[in-house]
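Colleague: Shown below is the structure under consideration.
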Amino acid sequence: MQMNQTSIQLLPEHIVDQIKAGEVIERPSTLIKEILENAIDAGATKLDLHLIENGLELISLIDNGKGISAEELPLAFCRHATSKIDKFEDIYHLNSYGFRGEALASIASVSKVSCESTTVTSYGQINIDGGLTSNHYVEERKSNTTGTKLFIKDLFYNTPVRMKFIQSKTSEKNHIKKIIHSFLLDHFDKDFSLKWDNKEKEIYPKKENQADRIKDVLFKGQSIELEEISASYDGVSVKLFLSHESSRGNAHKSHFLFVNQRYVKEMAIHKVILNSGATLWPEGEAGHYICFVEM
């Protein structure tokens, strides 16, 4: 029996990006996390997010960060393109969010992206469809207002297999809410606005302290009393907010843990916090907590 000889060939870059995208963009919530991190890294103090169909139809983010220079706009959507590393040792001195330069490339490979960015010296626009650039416009101009407008449409339109991993609308919306709330809670000194489909826009103005933002985001319209505890030891500082209100079980509880301004899940620390709050709550009950760890 004669076997078919298959020649080895390099995959085209846009197909590689589509395959790798699943490692970075699992669902709309992970995409939203990536672009919010990018905006904050760019120094944005005002972020305007609009989602349609839980981000599958449209994810729009407008920020007032420093922007991306018009000439470098295509580079922002290339894999492993970053402004944060010149040499390997730089990795050990990073205090910002992502640095590998994979997020935007992955997003552009599985959606239709339009991006406009303004810096103090230029304006640029780029359109990318499934990883392939269809338009790149560059204009030199002076501007007093900087920022980026990112529009992501038809997520996973060219990789329908990814849709099998998308859960129910309620579940996906809860994932998205958790991510957005984590940014709202941690970055209380920034203005946020959020719009779901055609509903009225939710406005979250910057606050003077985290306690006010926590009440605004998680307990709006409720008379929730928060206990604030701060401590530091051996280079680790902790700020913990506990609600006086409590109930049995974990359903509908707000539990957030941040380490160096990153939202994380860690069961061991979760249990420690609940045990620490035992003196505040009746036996067998637990309340809400928001914990910030810096180290």
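Residue names in the structure tokens use chain letters A, B, ... in the order shown, residue numbers from 1 in each chain, and ligand numbers from 1 in the order shown.
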Excluding A:Leu242 and any residue of its chain fewer than 6 positions from it, enumerate the residues within 10 Å of it, using only C-alpha atoms, and give them as a PyMOL selection string.
Modeller: chain A and resi 225-229+255+273-274+276-277+280-281+286-291
Colleague: Which polymer residues have any atom within 7 Å of an atom of A:Val113, counting only C-alpha atoms, with same-chain residues fewer than 2 positions away left out, as a PyMOL selection string?
Modeller: chain A and resi 108+111+115+127-129+151-153
Colleague: Give me, as a ChimeraX atom specification, all polymer residues having an atom no more than 10 Å from A:Glu283, counting only C-alpha atoms and skipping those fewer than 5 positions away in the same chain.
Modeller: /A:247-248,278
Colleague: DSSP on the backbone: what in stretch 120-266 of chain A comes out helix (DSSP H, G or I), as a ChimeraX atom specification?
Modeller: /A:160-165,169-186,210-218
Colleague: Can you spit out the residues from that selection as a PDB file, in the first residue's frame, using C-alpha atoms?
Modeller:
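What landed in selection.pdb:
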ATOM      1  CA  PRO A 160     -16.368  28.949  15.196  1.00  0.00           C
ATOM      2  CA  VAL A 161     -14.967  26.028  17.191  1.00  0.00           C
ATOM      3  CA  ARG A 162     -14.181  28.541  19.953  1.00  0.00           C
ATOM      4  CA  MET A 163     -17.911  29.205  20.326  1.00  0.00           C
ATOM      5  CA  LYS A 164     -18.317  25.695  21.762  1.00  0.00           C
ATOM      6  CA  PHE A 165     -16.486  26.904  24.870  1.00  0.00           C
ATOM      7  CA  LYS A 169     -25.430  34.222  28.366  1.00  0.00           C
ATOM      8  CA  THR A 170     -25.892  34.529  32.121  1.00  0.00           C
ATOM      9  CA  SER A 171     -22.662  32.694  32.857  1.00  0.00           C
ATOM     10  CA  GLU A 172     -20.637  34.713  30.335  1.00  0.00           C
ATOM     11  CA  LYS A 173     -22.069  37.978  31.641  1.00  0.00           C
ATOM     12  CA  ASN A 174     -21.111  37.008  35.191  1.00  0.00           C
ATOM     13  CA  HIS A 175     -17.524  36.292  34.032  1.00  0.00           C
ATOM     14  CA  ILE A 176     -17.388  39.713  32.365  1.00  0.00           C
ATOM     15  CA  LYS A 177     -18.869  41.491  35.389  1.00  0.00           C
ATOM     16  CA  LYS A 178     -16.294  39.919  37.691  1.00  0.00           C
ATOM     17  CA  ILE A 179     -13.425  41.168  35.505  1.00  0.00           C
ATOM     18  CA  ILE A 180     -14.869  44.665  35.111  1.00  0.00           C
ATOM     19  CA  HIS A 181     -15.615  44.946  38.816  1.00  0.00           C
ATOM     20  CA  SER A 182     -12.034  43.951  39.618  1.00  0.00           C
ATOM     21  CA  PHE A 183     -10.731  46.917  37.590  1.00  0.00           C
ATOM     22  CA  LEU A 184     -13.307  49.288  39.081  1.00  0.00           C
ATOM     23  CA  LEU A 185     -12.390  48.263  42.627  1.00  0.00           C
ATOM     24  CA  ASP A 186      -8.634  48.413  42.175  1.00  0.00           C
ATOM     25  CA  GLN A 210     -11.396  52.556  47.869  1.00  0.00           C
ATOM     26  CA  ALA A 211     -14.208  52.195  50.391  1.00  0.00           C
ATOM     27  CA  ASP A 212     -16.375  54.658  48.445  1.00  0.00           C
ATOM     28  CA  ARG A 213     -15.699  52.867  45.155  1.00  0.00           C
ATOM     29  CA  ILE A 214     -16.475  49.461  46.748  1.00  0.00           C
ATOM     30  CA  LYS A 215     -19.867  50.726  47.920  1.00  0.00           C
ATOM     31  CA  ASP A 216     -20.528  52.341  44.535  1.00  0.00           C
ATOM     32  CA  VAL A 217     -19.724  49.181  42.554  1.00  0.00           C
ATOM     33  CA  LEU A 218     -20.855  46.290  44.735  1.00  0.00           C
TER      34      LEU A 218
END
Colleague: Leaving out stretch 60-63 of chain A and any residue of its chain fewer than 2 positions from it, which residues lie within 8 Å of it when counting only C-alpha atoms, given as a compact mmCIF listing (two decimals) with C-alpha atoms, in the first residue's frame?
Modeller:
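Generated output (result38.txt):
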# COMPACT_ATOMS: atom_id res chain seq x y z
CA ILE A 35 -7.57 45.67 26.69
CA ALA A 39 -5.44 51.22 28.57
CA ALA A 44 -5.63 56.32 30.94
CA THR A 45 -7.68 58.05 33.64
CA LYS A 46 -10.98 57.80 31.78
CA LEU A 47 -12.24 54.55 30.22
CA ASP A 48 -15.48 54.08 28.30
CA LEU A 49 -16.51 50.45 27.64
CA HIS A 50 -19.46 49.31 25.49
CA LEU A 51 -20.46 45.66 25.05
CA LEU A 58 -18.97 44.31 19.79
CA GLY A 65 -4.17 57.33 27.56
CA GLY A 147 -6.07 58.39 23.56
CA THR A 148 -7.13 55.24 21.76
CA LYS A 149 -10.43 54.00 20.35
CA LEU A 150 -10.59 50.23 19.94
CA PHE A 151 -13.55 48.49 18.27
CA ILE A 152 -13.62 44.67 18.23
Colleague: For atom CA of A:Leu11 and atom CA of A:Glu34, quote the distance in Å rounded to one decimal.
Modeller: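 Result for atom CA of A:Leu11 versus atom CA of A:Glu34: 25.9 Å, one decimal.
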Colleague: Using Å and a single decimal, report how far atom CA of A:Ile68 sits from atom CA of A:Ser134.
Modeller: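 Atom CA of A:Ile68 lies 18.6 Å from atom CA of A:Ser134.
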Colleague: Which neighbours of A:Ser230 fall inside 9 Å, counting only C-alpha atoms, when residues of the same chain fewer than 6 positions from it are skipped, and could you give them as a list of chain:residue names?
Modeller: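 Once the nearby chain positions are removed, what remains is A:Ser237, A:Val238, A:Lys239, A:Leu240, A:Phe241.
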Colleague: Just how far from atom CA of A:Asn54 is atom CA of A:Gly221, in Å to one decimal?
Modeller: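 Atom-to-atom, atom CA of A:Gly221 to atom CA of A:Asn54, that is 24.9 Å.
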Colleague: Where does DSSP see strand (DSSP E) in stretch 157-256 of chain A, if you list the residues as a count of residues only?
Modeller: 31
